[in-house]
>>> print(open('run00.cif').read())   # mmCIF, C-alpha atoms and all ligand atoms
data_start
loop_
_atom_site.label_atom_id
_atom_site.label_comp_id
_atom_site.auth_asym_id
_atom_site.auth_seq_id
_atom_site.Cartn_x
_atom_site.Cartn_y
_atom_site.Cartn_z
CA MET A 251 0.00 0.00 0.00
CA ILE A 252 1.29 3.43 -0.94
CA ILE A 253 0.05 6.48 0.94
CA GLN A 254 0.28 9.99 -0.34
CA MET A 255 -0.02 12.60 2.40
CA LYS A 256 -1.54 16.03 1.88
CA GLN A 257 1.11 18.65 1.08
CA LYS A 258 -0.10 20.76 3.97
CA ALA A 259 -0.11 17.87 6.49
CA THR A 260 2.05 18.60 9.51
CA SER A 261 4.77 16.22 10.61
CA GLN A 262 2.69 15.47 13.73
CA GLU A 263 -0.33 14.49 11.60
CA ILE A 264 1.85 12.27 9.39
CA LYS A 265 3.39 10.67 12.46
CA GLU A 266 -0.11 9.72 13.71
CA VAL A 267 -0.77 7.83 10.48
CA LEU A 268 2.57 6.03 10.60
CA GLU A 269 2.09 5.17 14.29
CA TYR A 270 -1.26 3.65 13.40
CA PHE A 271 0.39 1.30 10.88
CA LYS A 272 3.06 0.39 13.44
CA SER A 273 0.29 -0.48 15.90
CA ARG A 274 -1.13 -2.90 13.28
CA GLY A 275 2.24 -4.66 13.00
CA LEU A 276 3.24 -2.98 9.74
CA SER A 277 6.34 -0.97 8.88
CA TYR A 278 6.86 1.83 6.36
CA LYS A 279 9.37 3.33 4.01
CA ASP A 280 9.56 7.08 3.44
CA ALA A 281 9.69 7.73 -0.32
CA SER A 282 8.97 11.47 -0.13
CA SER A 283 10.56 14.08 -2.37
CA ASP A 284 10.37 17.87 -2.29
CA SER A 285 7.11 17.86 -4.23
CA VAL A 286 5.29 14.83 -2.77
CA LYS A 287 4.92 13.20 0.64
CA LEU A 288 4.84 9.47 -0.10
CA TYR A 289 5.07 6.42 2.19
CA GLY A 290 5.16 2.75 1.27
CA ILE A 291 3.47 0.52 3.87
CA ILE A 292 5.19 -2.83 4.20
CA GLY A 293 3.51 -6.07 5.31
CA ASP A 294 0.09 -7.68 4.97
CA THR A 295 -2.36 -4.78 4.72
CA THR A 296 -5.46 -6.93 4.04
CA MET A 297 -6.89 -6.22 7.48
CA VAL A 298 -6.58 -2.45 6.99
CA THR A 299 -9.61 -1.04 5.20
CA ASP A 300 -9.60 2.09 3.04
CA ASP A 301 -11.79 3.78 5.67
CA ASP A 302 -9.23 3.01 8.38
CA VAL A 303 -6.70 5.04 6.41
CA TYR A 304 -8.85 7.86 5.05
CA LYS A 305 -10.09 8.78 8.53
CA PHE A 306 -6.68 10.41 9.11
CA LYS A 307 -6.68 14.07 8.12
CA ALA A 308 -3.16 13.85 6.68
CA VAL A 309 -4.04 11.24 4.04
CA GLU A 310 -4.58 12.48 0.48
CA ASN A 311 -4.70 9.19 -1.38
CA LEU A 312 -3.97 5.48 -1.01
CA THR A 313 -3.04 2.94 -3.65
CA ARG A 314 -3.10 -0.78 -2.99
CA ILE A 315 -0.45 -2.78 -4.72
CA SER A 316 -1.60 -6.13 -3.38
CA VAL A 317 -5.16 -7.47 -3.59
CA PRO A 318 -7.33 -7.85 -0.47
CA TYR A 319 -8.42 -11.37 -1.47
CA LYS A 320 -5.22 -13.34 -0.89
CA LYS A 321 -6.65 -16.85 -1.11
CA ALA A 322 -8.79 -16.20 -4.19
CA SER A 323 -5.96 -14.39 -5.94
CA LYS A 324 -3.85 -15.87 -8.68
CA VAL A 325 -0.79 -14.08 -7.29
CA PHE A 326 -0.53 -16.53 -4.41
CA HIS A 327 -1.88 -19.54 -6.32
CA PRO A 328 -0.75 -19.34 -9.97
CA SER A 329 -2.02 -22.78 -11.07
CA LYS A 330 -5.75 -23.14 -11.83
CA THR A 331 -7.93 -24.84 -9.28
CA ILE A 332 -9.69 -27.93 -10.60
CA ILE A 333 -12.64 -29.12 -8.56
CA ASP A 334 -13.66 -32.74 -8.81
CA VAL A 335 -17.42 -33.20 -8.40
CA ASN A 336 -17.94 -36.97 -8.35
CA GLY A 337 -15.63 -37.38 -11.33
CA VAL A 338 -16.71 -34.23 -13.21
CA LYS A 339 -13.69 -31.92 -13.18
CA ILE A 340 -14.51 -28.22 -13.16
CA GLY A 341 -11.70 -25.83 -14.10
CA GLY A 342 -9.70 -28.11 -16.41
CA ASP A 343 -9.93 -28.63 -20.15
CA LYS A 344 -13.58 -29.69 -20.02
CA PHE A 345 -16.42 -27.23 -20.65
CA VAL A 346 -18.84 -28.42 -17.99
CA ILE A 347 -22.56 -28.22 -18.70
CA MET A 348 -25.02 -27.97 -15.83
CA ALA A 349 -28.69 -28.02 -16.79
CA GLY A 350 -32.14 -28.50 -15.34
CA PRO A 351 -35.20 -26.59 -14.25
CA CYS A 352 -35.09 -23.40 -12.23
CA ALA A 353 -37.15 -25.17 -9.55
CA VAL A 354 -37.91 -28.79 -8.78
CA GLU A 355 -41.70 -28.93 -9.19
CA SER A 356 -42.43 -32.65 -9.02
CA LYS A 357 -40.68 -35.99 -9.39
CA GLU A 358 -42.12 -36.46 -12.91
CA GLN A 359 -40.97 -33.01 -13.99
CA LEU A 360 -37.41 -33.35 -12.65
CA PHE A 361 -36.94 -36.92 -13.87
CA SER A 362 -38.17 -36.10 -17.37
CA ILE A 363 -35.85 -33.06 -17.66
CA ALA A 364 -32.88 -34.84 -16.01
CA GLU A 365 -33.18 -37.72 -18.45
CA ASP A 366 -33.35 -35.43 -21.46
CA VAL A 367 -30.43 -33.21 -20.45
CA CYS A 368 -28.24 -36.17 -19.48
CA VAL A 369 -28.87 -37.87 -22.84
CA ALA A 370 -28.06 -34.58 -24.60
CA GLY A 371 -24.73 -34.27 -22.77
CA ALA A 372 -25.24 -32.43 -19.46
CA ASP A 373 -22.62 -33.27 -16.81
CA ILE A 374 -24.50 -31.99 -13.78
CA VAL A 375 -28.23 -31.56 -13.09
CA ARG A 376 -29.57 -28.38 -11.49
CA GLY A 377 -32.87 -27.73 -9.75
CA GLY A 378 -33.88 -25.40 -6.93
CA ALA A 379 -35.59 -26.86 -3.88
CA TYR A 380 -35.36 -23.71 -1.76
CA LYS A 381 -36.18 -20.72 -3.93
CA PRO A 382 -35.47 -17.16 -2.79
CA ARG A 383 -38.10 -15.31 -4.87
CA THR A 384 -38.52 -11.59 -5.34
CA SER A 385 -42.20 -11.88 -4.37
CA PRO A 386 -43.24 -13.64 -1.15
CA TYR A 387 -46.32 -14.88 -3.02
CA ALA A 388 -44.33 -16.64 -5.75
CA PHE A 389 -43.55 -20.38 -5.61
CA GLN A 390 -40.93 -20.83 -2.88
CA GLY A 391 -39.79 -24.33 -3.83
CA LEU A 392 -40.67 -27.79 -2.51
CA GLY A 393 -38.04 -27.62 0.25
CA VAL A 394 -37.00 -30.97 1.70
CA GLU A 395 -39.27 -32.83 -0.75
CA GLY A 396 -37.35 -31.16 -3.59
CA LEU A 397 -34.05 -32.32 -2.08
CA ASP A 398 -35.39 -35.88 -1.90
CA ILE A 399 -36.38 -35.76 -5.56
CA LEU A 400 -32.93 -34.45 -6.50
CA LYS A 401 -31.31 -37.25 -4.47
CA GLU A 402 -33.38 -39.85 -6.30
CA ALA A 403 -32.51 -38.31 -9.67
CA LYS A 404 -28.83 -38.29 -8.74
CA GLU A 405 -28.99 -42.01 -8.01
CA LYS A 406 -31.15 -42.93 -10.99
CA TYR A 407 -29.16 -40.98 -13.61
CA ASN A 408 -25.79 -41.28 -11.84
CA VAL A 409 -25.22 -37.56 -12.14
CA PRO A 410 -24.07 -34.93 -9.62
CA ILE A 411 -26.61 -32.32 -8.56
CA VAL A 412 -26.38 -28.61 -7.83
CA THR A 413 -29.01 -26.79 -5.82
CA GLU A 414 -29.29 -23.48 -4.03
CA ILE A 415 -28.78 -22.96 -0.30
CA TYR A 416 -29.79 -19.69 1.33
CA SER A 417 -29.38 -20.36 5.02
CA ALA A 418 -26.57 -21.84 7.11
CA GLU A 419 -29.18 -23.82 9.05
CA LEU A 420 -29.86 -25.92 5.96
CA ILE A 421 -26.28 -27.19 5.66
CA PRO A 422 -26.75 -30.45 7.64
CA LEU A 423 -29.87 -31.28 5.62
CA PHE A 424 -28.09 -30.60 2.32
CA LEU A 425 -25.20 -32.83 3.42
CA GLU A 426 -27.61 -35.58 4.45
CA LYS A 427 -29.42 -35.39 1.08
CA GLY A 428 -26.16 -35.76 -0.84
CA VAL A 429 -26.11 -32.37 -2.59
CA ASP A 430 -22.92 -32.25 -4.66
CA ILE A 431 -22.61 -28.50 -5.31
CA PHE A 432 -23.99 -25.94 -2.88
CA GLN A 433 -25.16 -22.98 -4.96
CA VAL A 434 -25.11 -19.56 -3.32
CA GLY A 435 -27.50 -17.34 -5.26
CA ALA A 436 -26.94 -13.77 -6.37
CA ARG A 437 -29.16 -12.50 -3.56
CA ASN A 438 -26.98 -14.20 -0.95
CA MET A 439 -23.52 -13.40 -2.28
CA GLN A 440 -23.01 -11.16 0.72
CA ASN A 441 -24.77 -13.37 3.27
CA TYR A 442 -21.59 -13.58 5.31
CA ASP A 443 -22.94 -15.96 7.96
CA LEU A 444 -23.79 -18.41 5.17
CA LEU A 445 -20.41 -17.94 3.47
CA LYS A 446 -18.56 -18.50 6.75
CA ALA A 447 -20.55 -21.67 7.45
CA LEU A 448 -19.86 -22.97 3.93
CA GLY A 449 -16.18 -22.31 4.58
CA LYS A 450 -16.29 -25.05 7.22
CA ILE A 451 -17.57 -27.86 5.00
CA ASP A 452 -15.73 -29.98 2.46
CA LYS A 453 -18.14 -29.60 -0.46
CA PRO A 454 -17.96 -27.57 -3.68
CA VAL A 455 -19.71 -24.21 -3.44
CA MET A 456 -20.85 -22.34 -6.55
CA LEU A 457 -20.90 -18.65 -5.67
CA LYS A 458 -23.02 -16.56 -7.99
CA ARG A 459 -22.13 -12.94 -8.50
CA GLY A 460 -24.46 -10.47 -6.83
CA MET A 461 -26.46 -8.53 -9.39
CA ASP A 462 -24.76 -5.28 -8.40
CA ALA A 463 -21.47 -6.67 -7.09
CA THR A 464 -18.10 -5.53 -8.34
CA ILE A 465 -15.53 -8.16 -9.26
CA GLU A 466 -13.63 -7.29 -6.09
CA GLU A 467 -16.71 -7.70 -3.87
CA TRP A 468 -17.38 -11.05 -5.52
CA LEU A 469 -13.84 -12.27 -4.96
CA LEU A 470 -13.97 -11.05 -1.36
CA ALA A 471 -17.17 -13.07 -0.89
CA ALA A 472 -15.28 -16.10 -2.25
CA GLU A 473 -12.49 -15.25 0.19
CA TYR A 474 -14.92 -15.78 3.11
CA ILE A 475 -15.42 -19.41 2.04
CA LEU A 476 -11.74 -19.98 1.29
CA ALA A 477 -10.61 -18.34 4.53
CA GLY A 478 -12.78 -20.79 6.46
CA GLY A 479 -10.79 -23.68 4.97
CA ASN A 480 -13.02 -24.79 2.08
CA ASP A 481 -10.95 -24.46 -1.11
CA LYS A 482 -13.65 -25.81 -3.44
CA VAL A 483 -15.13 -22.56 -4.69
CA ILE A 484 -16.59 -22.15 -8.19
CA LEU A 485 -17.59 -18.67 -9.36
CA CYS A 486 -20.66 -18.04 -11.49
CA GLU A 487 -21.32 -14.93 -13.58
CA ARG A 488 -25.11 -14.62 -13.94
CA GLY A 489 -25.57 -11.11 -15.28
CA ILE A 490 -25.57 -7.74 -13.59
CA LYS A 491 -28.16 -4.99 -13.46
CA THR A 492 -27.86 -2.15 -15.93
CA PHE A 493 -30.17 0.69 -16.95
CA ASP A 494 -31.60 -1.38 -19.81
CA THR A 495 -34.88 -3.26 -19.57
CA TYR A 496 -34.88 -5.32 -22.79
CA THR A 497 -33.12 -8.18 -21.04
CA ARG A 498 -33.46 -9.26 -17.41
CA ASN A 499 -29.80 -8.54 -16.63
CA CYS A 500 -26.68 -8.02 -18.71
CA LEU A 501 -24.21 -10.87 -19.08
CA ASP A 502 -20.87 -9.39 -18.08
CA ILE A 503 -18.87 -11.59 -20.41
CA GLN A 504 -15.70 -9.67 -19.72
CA ALA A 505 -16.02 -10.67 -16.06
CA VAL A 506 -14.93 -14.14 -17.20
CA LEU A 507 -11.72 -12.62 -18.52
CA ALA A 508 -11.27 -10.53 -15.39
CA ILE A 509 -11.66 -13.57 -13.17
CA LYS A 510 -9.16 -15.49 -15.27
CA GLN A 511 -6.68 -12.65 -14.88
CA LEU A 512 -7.23 -12.24 -11.15
CA SER A 513 -8.08 -15.66 -9.76
CA HIS A 514 -7.31 -19.37 -9.95
CA LEU A 515 -10.94 -20.33 -9.27
CA PRO A 516 -13.12 -21.90 -11.98
CA ILE A 517 -15.71 -19.64 -13.58
CA ILE A 518 -19.11 -20.75 -14.88
CA VAL A 519 -21.55 -18.63 -16.90
CA ASP A 520 -25.32 -18.62 -16.39
CA PRO A 521 -26.85 -17.28 -19.60
CA SER A 522 -30.43 -17.97 -18.44
CA HIS A 523 -30.48 -15.53 -15.53
CA ALA A 524 -28.29 -13.09 -17.46
CA CYS A 525 -30.63 -12.46 -20.38
CA GLY A 526 -33.88 -13.78 -18.94
CA ARG A 527 -35.08 -15.01 -22.35
CA TYR A 528 -34.72 -18.41 -23.97
CA ASP A 529 -33.94 -17.05 -27.43
CA MET A 530 -30.53 -15.65 -26.41
CA ILE A 531 -29.24 -18.58 -24.35
CA GLU A 532 -27.51 -20.56 -27.07
CA ASP A 533 -25.54 -17.60 -28.40
CA LEU A 534 -24.53 -16.45 -24.92
CA ALA A 535 -23.41 -20.00 -24.12
CA LYS A 536 -21.25 -19.92 -27.25
CA ALA A 537 -19.76 -16.62 -26.09
CA ALA A 538 -18.98 -18.17 -22.70
CA LEU A 539 -17.15 -21.04 -24.36
CA VAL A 540 -15.19 -18.74 -26.65
CA VAL A 541 -13.99 -16.40 -23.87
CA GLY A 542 -12.74 -19.36 -21.87
CA ALA A 543 -15.36 -19.98 -19.19
CA ASP A 544 -15.11 -23.38 -17.50
CA GLY A 545 -18.73 -24.18 -18.20
CA ILE A 546 -22.34 -23.03 -18.16
CA ILE A 547 -25.43 -23.53 -16.05
CA VAL A 548 -28.62 -23.40 -18.10
CA GLU A 549 -32.28 -23.64 -17.22
CA VAL A 550 -34.22 -26.30 -19.11
CA HIS A 551 -37.93 -27.12 -18.74
CA ASN A 552 -40.11 -29.68 -20.50
CA HIS A 553 -43.10 -27.30 -20.38
CA PRO A 554 -41.68 -23.79 -20.02
CA GLU A 555 -45.12 -22.26 -20.47
CA LEU A 556 -46.29 -24.06 -17.29
CA ALA A 557 -43.09 -23.58 -15.26
CA LEU A 558 -43.54 -22.35 -11.70
CA SER A 559 -40.47 -20.14 -12.07
CA ASP A 560 -38.29 -18.77 -14.86
CA GLY A 561 -40.12 -20.48 -17.76
CA LYS A 562 -39.32 -17.54 -20.02
CA GLN A 563 -35.60 -18.18 -19.71
CA SER A 564 -35.75 -21.98 -19.96
CA LEU A 565 -34.81 -23.98 -23.03
CA LYS A 566 -36.97 -26.88 -24.13
CA PRO A 567 -35.01 -30.17 -24.11
CA ASP A 568 -34.70 -30.29 -27.94
CA LYS A 569 -33.29 -26.75 -28.02
CA PHE A 570 -30.88 -27.72 -25.25
CA ALA A 571 -29.70 -30.73 -27.25
CA HIS A 572 -29.20 -28.47 -30.28
CA MET A 573 -27.16 -26.05 -28.20
CA VAL A 574 -24.86 -28.82 -26.94
CA LYS A 575 -24.21 -29.92 -30.53
CA GLU A 576 -23.36 -26.36 -31.55
CA LEU A 577 -21.03 -26.00 -28.55
CA GLU A 578 -19.33 -29.26 -29.51
CA LYS A 579 -18.43 -27.79 -32.91
CA ILE A 580 -16.87 -24.70 -31.32
CA SER A 581 -15.10 -26.63 -28.57
CA THR A 582 -12.69 -28.27 -31.01
CA VAL A 583 -11.64 -24.83 -32.24
CA VAL A 584 -11.07 -23.35 -28.77
CA GLY A 585 -9.40 -26.48 -27.42
CA LYS A 586 -11.99 -27.52 -24.82
CA LYS A 587 -13.67 -30.86 -24.34
CA ILE A 588 -17.43 -31.19 -24.02
C1 LIG A 601 -31.38 -19.71 -9.89
O1 LIG A 601 -30.31 -20.26 -10.19
O2 LIG A 601 -32.49 -20.19 -10.16
C2 LIG A 601 -31.30 -18.35 -9.29
C3 LIG A 601 -32.25 -17.92 -8.47
O3 LIG A 601 -30.24 -17.66 -9.69
P1 LIG A 601 -29.67 -16.23 -9.23
O4 LIG A 601 -29.28 -16.36 -7.81
O5 LIG A 601 -28.51 -16.02 -10.15
O6 LIG A 601 -30.75 -15.21 -9.45
MN MN A 602 -34.03 -19.50 -11.99
#
>>> encode(input="run00.cif", output="C-alpha cells", more="lines below")
Ligand code: PEP
Ligand code: MN
Amino acid sequence: MIIQMKQKATSQEIKEVLEYFKSRGLSYKDASSDSVKLYGIIGDTTMVTDDDVYKFKAVENLTRISVPYKKASKVFHPSKTIIDVNGVKIGGDKFVIMAGPCAVESKEQLFSIAEDVCVAGADIVRGGAYKPRTSPYAFQGLGVEGLDILKEAKEKYNVPIVTEIYSAELIPLFLEKGVDIFQVGARNMQNYDLLKALGKIDKPVMLKRGMDATIEEWLLAAEYILAGGNDKVILCERGIKTFDTYTRNCLDIQAVLAIKQLSHLPIIVDPSHACGRYDMIEDLAKAALVVGADGIIVEVHNHPELALSDGKQSLKPDKFAHMVKELEKISTVVGKKI
C-alpha cells in the first residue's frame, strides 16, 4: 500500500498515520521528495480497510499494490484450481454443462428433464428446492421434498446435482441429502454468515455474483469461504443490473476474462439468468465457451409455459440438445472438451 499525504499535512499528523500502521504490525518506508509526501506501507495490509486510512486528516490518497483477497488471488496460487465433483472436473480442459429446471416442481418433472439433459450431454443436473423469490407470493420451492427428488434423480441418472442454499441452518440437511454442489444465489452473495458456514464444509460451493457486485466484492465473498478452509469454490457470472430493460440482466462476459486474470478459481456462466429469455441462451453460451469460461449452467424445462419459475428463460429439451451440438463444434476450435 502506498500512501500519499496532503502537502499541507504537519509532521505530527503524518506521524499519527505512521504510528497507526506500526500499531497494526506494519512498517513503512519514506519515499517522499520535495514535491510529494509518499510512504510505502510494508507487510500484509489486508486487514486495513480504506476507511481506516482515510479517517486520518493527513491522508490524500492510497493505492493498494496487493489485492485484499489473498486466497482467491492468482498471485498466491498461480495454477488453476480444478474441482472434482464426483468425477466431473470443473476448471480443467472440459467445458462443464449444468442443466435443469429453475425449480424442482415434481418428481415427474425433474426426472423427465434430467433424463433429457443427461442424454443430450449435461454433466450436472440443477434444480432449486429452496427458492429465494422476489415476491413472497411466488412459488418458494418444494423444500425438503425437492431435495429428496434431487437425491433420487442423482442415483437414478448417476449424475451430480447442484441446488441453491440460502441459510446456514440448511447445511446439515443438504449434506444428508447428498447435494454435490452448494449454490449460493446472487441475492446471498453477501450473506456472510452463510459464506462462513460454507467455509467449514468440504463440499464444492458455486458462488453466484451479486447482481450489483463488483468483481472485487465477488472475490472477497469467495475469500470468506476460502478463509474458512473450504478451497472448493466455483464462481458463477449470472448477469448484472444495468439501466436497460430489454433483457433481465446483462451478461458481463468480460467478467470471465477478469476472473481469469485475477483468480485461480473456476468460472461458470449462467446465460439464463443473465438475459432472462430463452432465445438468447444458445448464443450467450457460445460466447462463454469462446472467452474461456469453465462451463455453463442453463435452465431447461419440458413445459416452459407451465413452469412455476423462470419459464421464459428456460430452453426446451430439444433446443438444449441443439445447443450442446453447436457447442461441440466450437469446442474443437477453442481447445476444450465437451
Ligand atoms: C437460480 O439459479 O435459479 C437463481 C435464483 O439464480 P440467481 O441467484 O442467479 O438469481
Ligand atoms: Mn431460476
>>> closest_residue(input="run00.cif", among="A:Gly341, A:Pro318, A:Gly275, A:Pro382", to="ligand LIG 601 (chain A)", atoms="only C-alpha atoms and all ligand atoms")
A:Pro382
>>> atom_distance(input="run00.cif", atom1="atom CA of Lys458 of chain A", atom2="atom CA of Gln433 of chain A")
7.4 Å
>>> closest_residue(input="run00.cif", among="A:Val354, A:Ala537, A:Ala370, A:Ala463", to="Lys401 of chain A", atoms="all atoms listed in the file")
A:Val354
>>> closest_residue(input="run00.cif", among="A:Ile363, A:Leu400, A:Met530, A:Leu476", to="Lys453 of chain A", atoms="only C-alpha atoms")
A:Leu476
>>> axis_aligned_box(input="run00.cif", around="segment 515-524 of chain A", padding_each_side="5 Å", output="JSON")
{"center_x": -20.7, "center_y": -17.5, "center_z": -14.4, "size_x": 29.5, "size_y": 18.8, "size_z": 20.3}
>>> atom_distance(input="run00.cif", atom1="atom CA of Gly290 of chain A", atom2="atom CA of Lys510 of chain A")
28.5 Å
>>> closest_residue(input="run00.cif", among="A:Ser559, A:Thr299, A:Thr492, A:Gln390", to="Arg314 of chain A", atoms="all atoms listed in the file")
A:Thr299
>>> residues_near_ligand(input="run00.cif", ligand="ligand MN 602 (chain A)", cutoff="7 Å", atoms="all atoms listed in the file", output="PyMOL selection string")
chain A and resi 352-353+523+549+559-560
>>> closest_atom_pairs(input="run00.cif", of="chain A", to="ligand LIG 601 (chain A)", cutoff="9 Å", atoms="all atoms listed in the file", output="JSON lines")
{"residue": "A:Pro351", "atom": "CA", "partner": "A:LIG601", "partner_atom": "O2", "distance": 8.1}
{"residue": "A:Cys352", "atom": "CA", "partner": "A:LIG601", "partner_atom": "O2", "distance": 4.6}
{"residue": "A:Ala353", "atom": "CA", "partner": "A:LIG601", "partner_atom": "O2", "distance": 6.8}
{"residue": "A:Arg376", "atom": "CA", "partner": "A:LIG601", "partner_atom": "O1", "distance": 8.3}
{"residue": "A:Gly377", "atom": "CA", "partner": "A:LIG601", "partner_atom": "O2", "distance": 7.6}
{"residue": "A:Gly378", "atom": "CA", "partner": "A:LIG601", "partner_atom": "O2", "distance": 6.3}
{"residue": "A:Lys381", "atom": "CA", "partner": "A:LIG601", "partner_atom": "C3", "distance": 6.6}
{"residue": "A:Pro382", "atom": "CA", "partner": "A:LIG601", "partner_atom": "C3", "distance": 6.6}
{"residue": "A:Arg383", "atom": "CA", "partner": "A:LIG601", "partner_atom": "C3", "distance": 7.3}
{"residue": "A:Thr413", "atom": "CA", "partner": "A:LIG601", "partner_atom": "O1", "distance": 8.0}
{"residue": "A:Glu414", "atom": "CA", "partner": "A:LIG601", "partner_atom": "O1", "distance": 7.0}
{"residue": "A:Gln433", "atom": "CA", "partner": "A:LIG601", "partner_atom": "O1", "distance": 7.8}
{"residue": "A:Val434", "atom": "CA", "partner": "A:LIG601", "partner_atom": "O4", "distance": 6.9}
{"residue": "A:Gly435", "atom": "CA", "partner": "A:LIG601", "partner_atom": "O4", "distance": 3.3}
{"residue": "A:Ala436", "atom": "CA", "partner": "A:LIG601", "partner_atom": "O4", "distance": 3.8}
{"residue": "A:Arg437", "atom": "CA", "partner": "A:LIG601", "partner_atom": "O4", "distance": 5.7}
{"residue": "A:Asn438", "atom": "CA", "partner": "A:LIG601", "partner_atom": "O4", "distance": 7.6}
{"residue": "A:Met439", "atom": "CA", "partner": "A:LIG601", "partner_atom": "O4", "distance": 8.5}
{"residue": "A:Leu457", "atom": "CA", "partner": "A:LIG601", "partner_atom": "O4", "distance": 8.9}
{"residue": "A:Lys458", "atom": "CA", "partner": "A:LIG601", "partner_atom": "O5", "distance": 5.9}
{"residue": "A:Arg459", "atom": "CA", "partner": "A:LIG601", "partner_atom": "O5", "distance": 7.3}
{"residue": "A:Gly460", "atom": "CA", "partner": "A:LIG601", "partner_atom": "O5", "distance": 7.6}
{"residue": "A:Met461", "atom": "CA", "partner": "A:LIG601", "partner_atom": "O5", "distance": 7.8}
{"residue": "A:Cys486", "atom": "CA", "partner": "A:LIG601", "partner_atom": "O5", "distance": 8.2}
{"residue": "A:Glu487", "atom": "CA", "partner": "A:LIG601", "partner_atom": "O5", "distance": 8.0}
{"residue": "A:Arg488", "atom": "CA", "partner": "A:LIG601", "partner_atom": "O5", "distance": 5.3}
{"residue": "A:Gly489", "atom": "CA", "partner": "A:LIG601", "partner_atom": "O5", "distance": 7.7}
{"residue": "A:Asp520", "atom": "CA", "partner": "A:LIG601", "partner_atom": "O5", "distance": 7.5}
{"residue": "A:Ser522", "atom": "CA", "partner": "A:LIG601", "partner_atom": "O1", "distance": 8.6}
{"residue": "A:His523", "atom": "CA", "partner": "A:LIG601", "partner_atom": "O5", "distance": 5.8}
{"residue": "A:Ala524", "atom": "CA", "partner": "A:LIG601", "partner_atom": "O5", "distance": 7.9}
{"residue": "A:Ile547", "atom": "CA", "partner": "A:LIG601", "partner_atom": "O1", "distance": 8.3}
{"residue": "A:Val548", "atom": "CA", "partner": "A:LIG601", "partner_atom": "O1", "distance": 8.7}
{"residue": "A:Glu549", "atom": "CA", "partner": "A:LIG601", "partner_atom": "O2", "distance": 7.9}
{"residue": "A:Ser559", "atom": "CA", "partner": "A:LIG601", "partner_atom": "O2", "distance": 8.2}
{"residue": "A:Asp560", "atom": "CA", "partner": "A:LIG601", "partner_atom": "O2", "distance": 7.6}
>>> residues_near_point(input="run00.cif", point="(8.3, 11.3, -2.2)", cutoff="12 Å", atoms="all atoms listed in the file", output="PyMOL selection string")
chain A and resi 252-257+279-290
>>> atom_distance(input="run00.cif", atom1="atom CA of Val541 of chain A", atom2="atom CA of Lys587 of chain A")
14.5 Å
>>> closest_residue(input="run00.cif", among="A:Ala259, A:Tyr270, A:Thr497, A:Ala322", to="Gln511 of chain A", atoms="only C-alpha atoms")
A:Ala322
>>> residues_around(input="run00.cif", residues="Tyr528 of chain A", least_positions_apart="3", cutoff="9 Å", atoms="all atoms listed in the file", output="list of chain:residue names")
A:Ser522, A:Cys525, A:Ile531, A:Glu532, A:Glu549, A:Gly561, A:Lys562, A:Gln563, A:Ser564, A:Leu565, A:Lys566
>>> closest_residue(input="run00.cif", among="A:Phe361, A:Phe389, A:Phe570, A:Phe271", to="Met297 of chain A", atoms="only C-alpha atoms")
A:Phe271
>>> residues_around(input="run00.cif", residues="Lys272 of chain A", least_positions_apart="3", cutoff="12 Å", atoms="all atoms listed in the file", output="JSON, numbers by chain")
{"A": [265, 266, 267, 268, 269, 275, 276, 277, 278, 279, 291, 292, 293, 295, 298]}
>>> residues_near_point(input="run00.cif", point="(-15.8, -15.7, -4.2)", cutoff="7 Å", atoms="only C-alpha atoms", output="MDAnalysis selection string")
chainID A and resid 457 468:473 483 485
>>> write_last_selection(input="run00.cif", atoms="C-alpha atoms", output="PDB file, keeping the file's coordinate frame")
ATOM      1  CA  LEU A 457     -20.900 -18.650  -5.670  1.00  0.00           C
ATOM      2  CA  TRP A 468     -17.380 -11.050  -5.520  1.00  0.00           C
ATOM      3  CA  LEU A 469     -13.840 -12.270  -4.960  1.00  0.00           C
ATOM      4  CA  LEU A 470     -13.970 -11.050  -1.360  1.00  0.00           C
ATOM      5  CA  ALA A 471     -17.170 -13.070  -0.890  1.00  0.00           C
ATOM      6  CA  ALA A 472     -15.280 -16.100  -2.250  1.00  0.00           C
ATOM      7  CA  GLU A 473     -12.490 -15.250   0.190  1.00  0.00           C
ATOM      8  CA  VAL A 483     -15.130 -22.560  -4.690  1.00  0.00           C
ATOM      9  CA  LEU A 485     -17.590 -18.670  -9.360  1.00  0.00           C
TER      10      LEU A 485
END
>>> residues_around(input="run00.cif", residues="Leu444 of chain A", least_positions_apart="2", cutoff="10 Å", atoms="all atoms listed in the file", output="JSON, numbers by chain")
{"A": [415, 416, 417, 418, 419, 420, 421, 434, 438, 439, 440, 441, 442, 446, 447, 448, 449, 474, 475]}
